[in-house]
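Colleague: Quick one, work27.cif (mmCIF, C-alpha atoms):
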data_my_file
#
loop_
_atom_site.label_atom_id
_atom_site.label_comp_id
_atom_site.auth_asym_id
_atom_site.auth_seq_id
_atom_site.Cartn_x
_atom_site.Cartn_y
_atom_site.Cartn_z
CA MET A 1 -4.14 -0.14 18.62
CA THR A 2 -7.08 2.25 18.39
CA LEU A 3 -8.19 3.26 14.91
CA PRO A 4 -7.76 7.04 14.49
CA ALA A 5 -11.00 9.01 14.25
CA ALA A 6 -10.25 10.11 10.67
CA PHE A 7 -10.85 6.58 9.37
CA GLN A 8 -14.31 6.49 10.90
CA ARG A 9 -15.18 10.02 9.84
CA TYR A 10 -14.80 9.34 6.13
CA GLN A 11 -15.62 5.63 5.87
CA LYS A 12 -19.34 5.83 5.15
CA ALA A 13 -18.94 8.57 2.51
CA LEU A 14 -16.04 6.68 0.89
CA GLU A 15 -18.05 3.47 0.66
CA GLN A 16 -20.99 5.35 -0.84
CA GLU A 17 -18.71 6.95 -3.43
CA LEU A 18 -17.10 3.64 -4.35
CA ARG A 19 -20.50 1.97 -4.70
CA ALA A 20 -21.65 4.82 -6.93
CA VAL A 21 -18.59 4.35 -9.16
CA LEU A 22 -19.29 0.62 -9.53
CA GLY A 23 -22.97 1.31 -10.14
CA GLN A 24 -25.76 -1.25 -10.11
CA ASN A 25 -24.31 -3.70 -12.64
CA ILE A 26 -24.99 -7.24 -11.38
CA SER A 27 -22.82 -9.17 -13.84
CA PRO A 28 -20.30 -11.67 -12.36
CA LEU A 29 -17.46 -9.31 -13.33
CA TYR A 30 -18.80 -6.74 -10.87
CA THR A 31 -19.43 -9.44 -8.27
CA MET A 32 -15.72 -10.25 -8.41
CA MET A 33 -14.82 -6.60 -7.81
CA ARG A 34 -17.34 -6.21 -4.98
CA TYR A 35 -16.00 -9.43 -3.46
CA HIS A 36 -12.44 -8.16 -3.55
CA LEU A 37 -13.52 -4.89 -1.92
CA GLY A 38 -15.08 -6.90 0.91
CA TRP A 39 -18.72 -6.02 0.25
CA VAL A 40 -20.07 -9.46 -0.73
CA ASP A 41 -19.17 -13.14 -0.56
CA GLU A 42 -18.41 -15.23 -3.65
CA HIS A 43 -22.14 -15.73 -4.25
CA GLY A 44 -22.87 -12.02 -4.26
CA GLU A 45 -24.50 -12.05 -0.83
CA GLN A 46 -23.91 -8.98 1.31
CA GLN A 47 -20.96 -9.46 3.63
CA PRO A 48 -19.53 -6.07 4.57
CA ASN A 49 -15.85 -6.39 5.36
CA PRO A 50 -14.14 -3.28 3.97
CA GLY A 51 -10.48 -2.60 4.59
CA LYS A 52 -9.20 0.50 6.37
CA MET A 53 -8.91 2.44 3.10
CA SER A 54 -5.72 4.15 4.30
CA ARG A 55 -4.84 5.94 1.06
CA PRO A 56 -8.24 7.54 0.41
CA THR A 57 -8.44 8.50 4.08
CA LEU A 58 -5.12 10.32 3.73
CA CYS A 59 -6.44 11.99 0.58
CA LEU A 60 -9.54 13.37 2.30
CA LEU A 61 -7.65 14.33 5.43
CA ALA A 62 -5.12 16.26 3.34
CA CYS A 63 -7.94 18.15 1.62
CA GLN A 64 -9.50 19.09 4.94
CA ALA A 65 -6.10 19.92 6.46
CA VAL A 66 -5.38 22.64 3.88
CA GLY A 67 -8.80 24.20 4.35
CA GLY A 68 -10.74 22.46 1.58
CA ASP A 69 -14.10 20.72 1.66
CA TRP A 70 -13.15 17.06 1.95
CA SER A 71 -16.37 15.89 0.31
CA THR A 72 -15.23 17.61 -2.90
CA ALA A 73 -12.29 15.20 -3.08
CA LEU A 74 -14.34 12.01 -2.68
CA PRO A 75 -14.14 10.96 -6.36
CA SER A 76 -10.35 11.31 -6.32
CA ALA A 77 -10.13 9.34 -3.08
CA ALA A 78 -12.23 6.59 -4.67
CA ALA A 79 -9.91 6.59 -7.70
CA VAL A 80 -6.86 6.05 -5.49
CA GLU A 81 -8.56 3.19 -3.64
CA LEU A 82 -9.56 1.50 -6.89
CA ILE A 83 -6.03 1.78 -8.31
CA HIS A 84 -4.68 0.24 -5.12
CA ASN A 85 -7.14 -2.65 -5.33
CA PHE A 86 -6.61 -3.24 -9.05
CA SER A 87 -2.94 -3.73 -8.22
CA LEU A 88 -3.78 -6.14 -5.38
CA ILE A 89 -5.91 -8.36 -7.62
CA HIS A 90 -3.05 -8.63 -10.11
CA ASP A 91 -0.47 -8.95 -7.33
CA ASP A 92 -2.30 -11.95 -5.88
CA ILE A 93 -2.13 -13.66 -9.28
CA GLN A 94 1.56 -12.89 -9.71
CA ASP A 95 2.42 -14.09 -6.21
CA CYS A 96 0.08 -17.12 -6.38
CA SER A 97 -1.47 -15.88 -3.12
CA TRP A 98 -4.40 -17.99 -2.00
CA GLU A 99 -5.72 -15.60 0.64
CA ARG A 100 -6.18 -11.89 1.23
CA ARG A 101 -7.86 -10.47 4.32
CA ARG A 102 -8.45 -14.05 5.49
CA ARG A 103 -10.57 -14.93 2.45
CA PRO A 104 -9.70 -16.74 -0.80
CA THR A 105 -8.31 -14.36 -3.42
CA VAL A 106 -10.29 -13.49 -6.56
CA TRP A 107 -8.17 -15.69 -8.84
CA LYS A 108 -8.45 -18.63 -6.45
CA ILE A 109 -12.26 -18.58 -6.79
CA TRP A 110 -12.79 -17.46 -10.38
CA GLY A 111 -9.48 -18.39 -12.02
CA GLU A 112 -6.59 -16.29 -13.28
CA PRO A 113 -8.08 -15.11 -16.62
CA GLN A 114 -11.26 -13.74 -15.02
CA ALA A 115 -9.31 -12.21 -12.13
CA ILE A 116 -7.20 -10.35 -14.69
CA ASN A 117 -10.42 -9.04 -16.21
CA ALA A 118 -11.63 -7.90 -12.79
CA GLY A 119 -8.36 -6.09 -12.13
CA ASP A 120 -8.42 -4.42 -15.54
CA ALA A 121 -12.04 -3.32 -15.05
CA MET A 122 -11.18 -1.85 -11.66
CA TYR A 123 -8.34 0.12 -13.25
CA VAL A 124 -10.75 1.61 -15.81
CA LEU A 125 -13.30 2.44 -13.11
CA ALA A 126 -10.58 4.33 -11.24
CA GLN A 127 -10.03 6.50 -14.29
CA LEU A 128 -13.77 7.07 -14.69
CA ALA A 129 -14.12 7.95 -11.00
CA LEU A 130 -12.08 11.10 -11.55
CA PHE A 131 -14.66 12.44 -14.01
CA ARG A 132 -17.15 12.52 -11.16
CA LEU A 133 -15.16 15.53 -9.93
CA GLN A 134 -17.11 17.54 -12.52
CA ASP A 135 -20.08 17.24 -10.17
CA THR A 136 -18.10 18.74 -7.27
CA ALA A 137 -17.13 21.93 -9.11
CA VAL A 138 -13.52 20.92 -9.77
CA ALA A 139 -12.43 22.71 -12.94
CA PRO A 140 -11.83 20.63 -16.11
CA HIS A 141 -8.17 21.68 -16.36
CA GLN A 142 -7.65 20.50 -12.77
CA ILE A 143 -9.21 17.13 -13.59
CA VAL A 144 -6.71 16.76 -16.45
CA ILE A 145 -3.84 17.40 -14.01
CA LEU A 146 -5.26 14.87 -11.57
CA SER A 147 -5.75 12.30 -14.33
CA ARG A 148 -2.15 12.71 -15.44
CA LYS A 149 -0.95 12.27 -11.85
CA LEU A 150 -3.05 9.13 -11.38
CA ASN A 151 -1.71 7.58 -14.57
CA GLN A 152 1.86 8.49 -13.65
CA ALA A 153 1.44 6.84 -10.24
CA SER A 154 -0.17 3.79 -11.87
CA LEU A 155 2.71 3.45 -14.29
CA GLN A 156 5.22 3.72 -11.45
CA LEU A 157 3.29 1.05 -9.58
CA CYS A 158 3.52 -1.28 -12.58
CA GLU A 159 7.23 -0.52 -12.96
CA GLY A 160 7.75 -1.29 -9.29
CA GLN A 161 5.83 -4.54 -9.56
CA TYR A 162 7.92 -5.53 -12.58
CA LEU A 163 11.11 -4.88 -10.61
CA ASP A 164 9.78 -6.79 -7.60
CA ILE A 165 9.18 -9.87 -9.74
CA GLU A 166 12.46 -9.41 -11.63
CA TYR A 167 14.45 -9.23 -8.38
CA GLU A 168 13.03 -12.59 -7.28
CA ASN A 169 15.48 -14.20 -9.69
CA HIS A 170 18.52 -12.33 -8.39
CA LEU A 171 20.66 -12.67 -5.28
CA ASP A 172 22.67 -9.52 -5.99
CA THR A 173 19.97 -6.86 -5.76
CA SER A 174 21.37 -3.80 -4.03
CA ILE A 175 19.67 -1.90 -1.24
CA GLY A 176 19.48 1.14 -3.52
CA GLU A 177 17.70 -0.88 -6.20
CA TYR A 178 15.28 -2.26 -3.64
CA LEU A 179 14.45 1.18 -2.23
CA GLN A 180 13.87 2.46 -5.76
CA MET A 181 11.51 -0.45 -6.36
CA ILE A 182 9.38 0.16 -3.26
CA GLY A 183 9.34 3.86 -4.07
CA LYS A 184 7.56 2.98 -7.29
CA LYS A 185 5.48 0.08 -5.99
CA THR A 186 4.24 1.61 -2.73
CA ALA A 187 5.31 5.19 -2.08
CA ALA A 188 4.13 6.61 -5.42
CA LEU A 189 0.46 5.91 -4.69
CA PHE A 190 0.73 7.32 -1.16
CA GLU A 191 2.21 10.47 -2.68
CA CYS A 192 -0.59 10.57 -5.27
CA ALA A 193 -3.25 10.32 -2.55
CA LEU A 194 -1.82 13.28 -0.65
CA PHE A 195 -1.40 15.26 -3.87
CA PHE A 196 -5.04 14.72 -4.80
CA GLY A 197 -6.36 15.96 -1.48
CA ALA A 198 -4.02 18.92 -1.16
CA PHE A 199 -4.35 19.99 -4.80
CA ILE A 200 -8.14 20.00 -4.62
CA GLY A 201 -8.13 21.78 -1.27
CA THR A 202 -5.67 24.62 -1.87
CA ASP A 203 -3.64 26.51 -4.46
CA ASN A 204 -0.75 26.86 -1.98
CA ASP A 205 2.07 25.07 -3.84
CA ARG A 206 4.26 24.83 -0.76
CA GLN A 207 1.59 22.97 1.17
CA VAL A 208 0.88 20.68 -1.78
CA GLN A 209 4.55 19.79 -2.24
CA SER A 210 5.15 19.29 1.49
CA LEU A 211 2.19 16.94 1.75
CA CYS A 212 3.33 15.05 -1.37
CA SER A 213 6.72 14.51 0.25
CA PHE A 214 5.01 13.50 3.49
CA GLY A 215 3.04 10.89 1.55
CA TRP A 216 6.04 9.51 -0.30
CA ASN A 217 8.18 9.14 2.83
CA LEU A 218 5.26 7.64 4.74
CA GLY A 219 4.81 5.12 1.93
CA MET A 220 8.48 4.17 2.10
CA ALA A 221 8.35 3.72 5.88
CA TYR A 222 5.12 1.73 5.54
CA GLN A 223 6.65 -0.72 3.07
CA VAL A 224 9.78 -1.23 5.16
CA GLN A 225 7.52 -1.84 8.17
CA ASN A 226 5.71 -4.50 6.10
CA ASP A 227 9.09 -6.04 5.28
CA ILE A 228 9.93 -6.27 8.98
CA GLU A 229 6.55 -7.74 9.91
CA GLY A 230 6.76 -10.18 7.01
CA ILE A 231 9.72 -11.87 8.68
CA TRP A 232 9.39 -11.28 12.40
CA GLY A 233 5.65 -10.74 12.56
CA ALA A 234 4.05 -8.70 15.27
CA GLY A 235 1.58 -8.90 18.08
CA GLU A 236 -2.09 -9.75 17.90
CA GLY A 237 -4.00 -7.66 15.36
CA HIS A 238 -1.08 -7.02 13.02
CA LYS A 239 -1.04 -7.88 9.34
CA GLN A 240 1.63 -10.55 9.18
CA SER A 241 2.41 -13.87 10.82
CA PRO A 242 6.04 -14.60 11.71
CA TYR A 243 8.35 -15.84 8.94
CA THR A 244 5.75 -15.42 6.13
CA ASP A 245 8.22 -13.78 3.76
CA ILE A 246 10.95 -16.29 4.53
CA ARG A 247 8.63 -19.19 3.68
CA SER A 248 7.84 -17.41 0.40
CA ARG A 249 11.56 -16.76 -0.20
CA LYS A 250 10.85 -13.05 -0.68
CA LYS A 251 13.94 -10.90 -0.93
CA THR A 252 12.79 -7.96 1.14
CA LEU A 253 15.05 -5.37 2.76
CA PRO A 254 16.29 -7.49 5.71
CA VAL A 255 17.25 -10.37 3.42
CA ILE A 256 18.93 -8.12 0.86
CA PHE A 257 20.93 -6.53 3.69
CA ALA A 258 21.94 -9.96 5.06
CA LEU A 259 22.92 -11.24 1.61
CA ARG A 260 25.31 -8.30 1.39
CA GLU A 261 26.63 -8.46 4.97
CA ALA A 262 26.73 -12.17 5.86
CA PRO A 263 30.35 -13.33 5.95
CA GLY A 264 31.79 -16.43 4.28
CA LYS A 265 29.84 -19.59 4.94
CA ASP A 266 26.80 -17.75 6.32
CA GLY A 267 26.46 -15.86 3.06
CA GLU A 268 26.79 -19.08 1.10
CA ARG A 269 24.19 -20.80 3.29
CA LEU A 270 21.76 -17.92 2.84
CA ARG A 271 22.16 -17.97 -0.93
CA ASN A 272 21.67 -21.74 -0.98
CA VAL A 273 18.46 -21.51 1.05
CA TYR A 274 17.03 -18.82 -1.22
CA GLY A 275 17.86 -20.97 -4.23
CA LYS A 276 15.53 -23.74 -3.05
CA GLN A 277 11.97 -24.23 -4.25
CA LYS A 278 10.61 -25.06 -0.80
CA LEU A 279 12.01 -24.31 2.63
CA SER A 280 12.05 -26.62 5.64
CA THR A 281 11.70 -25.57 9.27
CA ALA A 282 15.47 -25.95 9.58
CA ASP A 283 15.97 -23.62 6.61
CA ILE A 284 13.79 -20.97 8.24
CA SER A 285 15.72 -21.25 11.50
CA ARG A 286 18.99 -20.97 9.59
CA VAL A 287 17.83 -17.80 7.82
CA LEU A 288 16.62 -16.26 11.09
CA GLY A 289 19.98 -16.96 12.68
CA ILE A 290 21.86 -15.28 9.83
CA LEU A 291 19.52 -12.29 9.88
CA GLU A 292 20.14 -11.92 13.60
CA SER A 293 23.91 -12.24 13.29
CA THR A 294 24.07 -9.55 10.59
CA GLY A 295 21.78 -7.12 12.45
CA ALA A 296 19.27 -7.12 9.57
CA GLN A 297 16.28 -6.28 11.76
CA LYS A 298 18.08 -3.40 13.45
CA TYR A 299 19.20 -2.04 10.09
CA SER A 300 15.70 -2.27 8.63
CA ASN A 301 14.26 -0.50 11.67
CA GLN A 302 16.79 2.29 11.17
CA ILE A 303 15.76 2.72 7.54
CA ARG A 304 12.10 2.76 8.56
CA GLU A 305 12.80 5.36 11.24
CA THR A 306 14.70 7.54 8.77
CA TYR A 307 11.72 7.69 6.42
CA TYR A 308 9.29 8.13 9.30
CA ARG A 309 11.23 11.07 10.74
CA GLN A 310 11.41 12.64 7.29
CA CYS A 311 7.67 12.33 6.73
CA LEU A 312 7.06 14.08 10.07
CA GLU A 313 9.48 16.86 9.07
CA ASP A 314 7.60 17.25 5.79
CA LEU A 315 4.36 17.50 7.73
CA GLU A 316 5.77 20.30 9.85
CA GLY A 317 6.89 22.04 6.66
CA ALA A 318 3.31 22.08 5.37
CA GLN A 319 2.45 24.62 8.11
CA LEU A 320 -1.00 23.21 8.79
CA PRO A 321 -3.33 24.17 11.64
CA PRO A 322 -2.66 22.17 14.84
CA ASP A 323 -5.69 19.85 14.71
CA PRO A 324 -5.31 18.50 11.14
CA ARG A 325 -1.53 18.26 11.60
CA ARG A 326 -2.10 16.14 14.70
CA GLU A 327 -4.59 13.93 12.85
CA LEU A 328 -2.17 13.30 10.00
CA LYS A 329 0.47 12.39 12.59
CA GLN A 330 -1.98 10.00 14.22
CA VAL A 331 -2.75 8.26 10.92
CA ALA A 332 0.96 7.97 10.08
CA ALA A 333 1.69 6.55 13.54
CA PHE A 334 -1.16 4.06 13.24
CA LEU A 335 0.01 2.80 9.85
CA LEU A 336 3.51 2.25 11.25
CA GLY A 337 2.41 0.65 14.52
CA GLU A 338 3.54 3.62 16.58
CA GLU A 339 1.81 5.13 19.60
CA ALA A 340 -0.32 8.00 18.33
CA GLU A 341 -0.13 11.48 19.76
CA SER A 342 -2.88 12.09 22.31
CA PRO A 343 -5.71 14.47 21.33
#
Mind turning the file's structure into structure tokens?
Modeller:
Amino acid sequence: MTLPAAFQRYQKALEQELRAVLGQNISPLYTMMRYHLGWVDEHGEQQPNPGKMSRPTLCLLACQAVGGDWSTALPSAAAVELIHNFSLIHDDIQDCSWERRRRPTVWKIWGEPQAINAGDAMYVLAQLALFRLQDTAVAPHQIVILSRKLNQASLQLCEGQYLDIEYENHLDTSIGEYLQMIGKKTAALFECALFFGAFIGTDNDRQVQSLCSFGWNLGMAYQVQNDIEGIWGAGEGHKQSPYTDIRSRKKTLPVIFALREAPGKDGERLRNVYGKQKLSTADISRVLGILESTGAQKYSNQIRETYYRQCLEDLEGAQLPPDPRRELKQVAAFLLGEEAESP
């Protein structure tokens, strides 16, 4: 699937802003952060491999879409990206993940204590990044509002991560509880990214609120899409391999739905499998069969489509010019594996 032009348009400026935030410090702590961001290998040697930077791209695109100068919003876009990556460093520790982006995770190379330090430092740098807005003529009272929003989103992210870990020990998590959790863990930072760009670019409250809602619903659809790919995988070039989340015994939306819907012995079998410490190939096949019999994939796709349709309605409600509206649609479609609207 072709990368939308917006990603390429902002990438160089985003990388320059992020490098400026990290500065020239050459201590191992900063090497860990640069490694996680894909700039260097574990020895500090240059090895550019940045991610797509979806959230900061949405931030800058929102600023441009409402008529603002997107370069003004660069520090806020960098802040969002750093918050996202701080959470990933900690998430890898909590999930005991050995790899991210096909490389060993930070904790796997440097150990858990130092990885925690790297994540904490990245969180602080995200806060400091916002103060660089002073150099782009953003008013001090606006920076305070943005700082409050970033901290609120960060707190929601931590609350969502807490719930995600807490639900690992339960087989009775409801779909409502799960959707609330991903709203905090994933959608809140998407919403924050769109708020940053729109707020810096315009004083039109209706546009700001519509784009915030667009971001939140896109984040929800994006996480449900990840849930689907985490079990059934996707074609070449997608993020997940088949059955990854089953092997990890993750209770994502399809599994939660099946735990609720599976009748009699199937429900008991599913609960027994998810009570094990390690799953066999037969266990995985058994889970896949139960998911299929309950229609878990179809249900999850319906939930994803509901949020996707809502985010597109929110985008229409923002009353943007045709070109930026189309670009935001293209980015949303790309993130959800949909065919993008032609230019």
Colleague: Could you pull the residues within 7 Å of range 66-81 of chain A, counting all atoms listed in the file, minus those fewer than 6 positions along the same chain, as a list of chain:residue names?
Modeller: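 Residues near the query, excluding close chain neighbours: A:Leu14, A:Glu17, A:Leu18, A:Met53, A:Arg55, A:Pro56, A:Cys59, A:Leu60, A:Ala126, A:Gln127, A:Ala129, A:Leu130, A:Arg132, A:Leu133, A:Thr136, A:Ala193, A:Phe196, A:Gly197, A:Ala198, A:Ile200, A:Gly201, A:Thr202, A:Leu320.
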Colleague: Would you compute an axis-aligned box for range 81-96 of chain A, covering every atom listed for it in the file with 3 Å of margin on each side, and report centre and edge lengths in Å to one decimal as lines of an AutoDock Vina configuration file?
Modeller:
center_x = -3.6
center_y = -7.0
center_z = -6.9
size_x = 18.0
size_y = 26.3
size_z = 12.5
Colleague: Find the residue from A:Pro254, A:Pro113, A:Gly289, A:Gly160 that sits nearest to Val224 in chain A; use only C-alpha atoms when measuring.
Modeller: A:Pro254
Colleague: Report the distance between CA of Glu268 in chain A and CA of Asp172 in chain A in Å, rounded to one decimal place.
Modeller: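 That distance, rounded to one decimal, is 12.6 Å.
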Colleague: For this file, the PyMOL selection byres ((chain A and resi 27-41) around 8) selects which residues, as a ChimeraX atom specification?
Modeller: /A:22,25-26,42-51,85,89,105-106,114-115,117-119,122
Colleague: Just checking: using all atoms listed in the file, which residue out of A:Ala137, A:Ala121, A:Ala333, A:Ile165 ends up closest to Ile93 in chain A?
Modeller: A:Ile165
Colleague: Between CA of Ala188 in chain A and CA of Ala153 in chain A, measure the distance and give it in Å to one decimal.
Modeller: 5.5 Å
Colleague: Please provide the set of residues having any atom within 10 Å of Cys96 in chain A, restricted to only C-alpha atoms, with same-chain residues fewer than 5 positions apart removed, written as a list in words.
Modeller: His90, Asp91, Thr105, Trp107, Lys108 and Glu112 of chain A
Colleague: Tell me, in Å to one decimal, how far CA of Lys329 in chain A is from CA of Leu315 in chain A.
Modeller: 8.1 Å
Colleague: Taking the file as shown, find all residues satisfying the PyMOL selection byres ((chain A and resi 272-282) around 12) and write them as a PyMOL selection string.
Modeller: chain A and resi 168-172+243-252+255-256+258-259+265-271+283-290
Colleague: Can you spell out as a ChimeraX atom specification the set of residues that the PyMOL selection byres ((chain A and resi 155) around 12) selects in the structure I just provided?
Modeller: /A:83,87,123,148-154,156-162,184-186,188-189,192
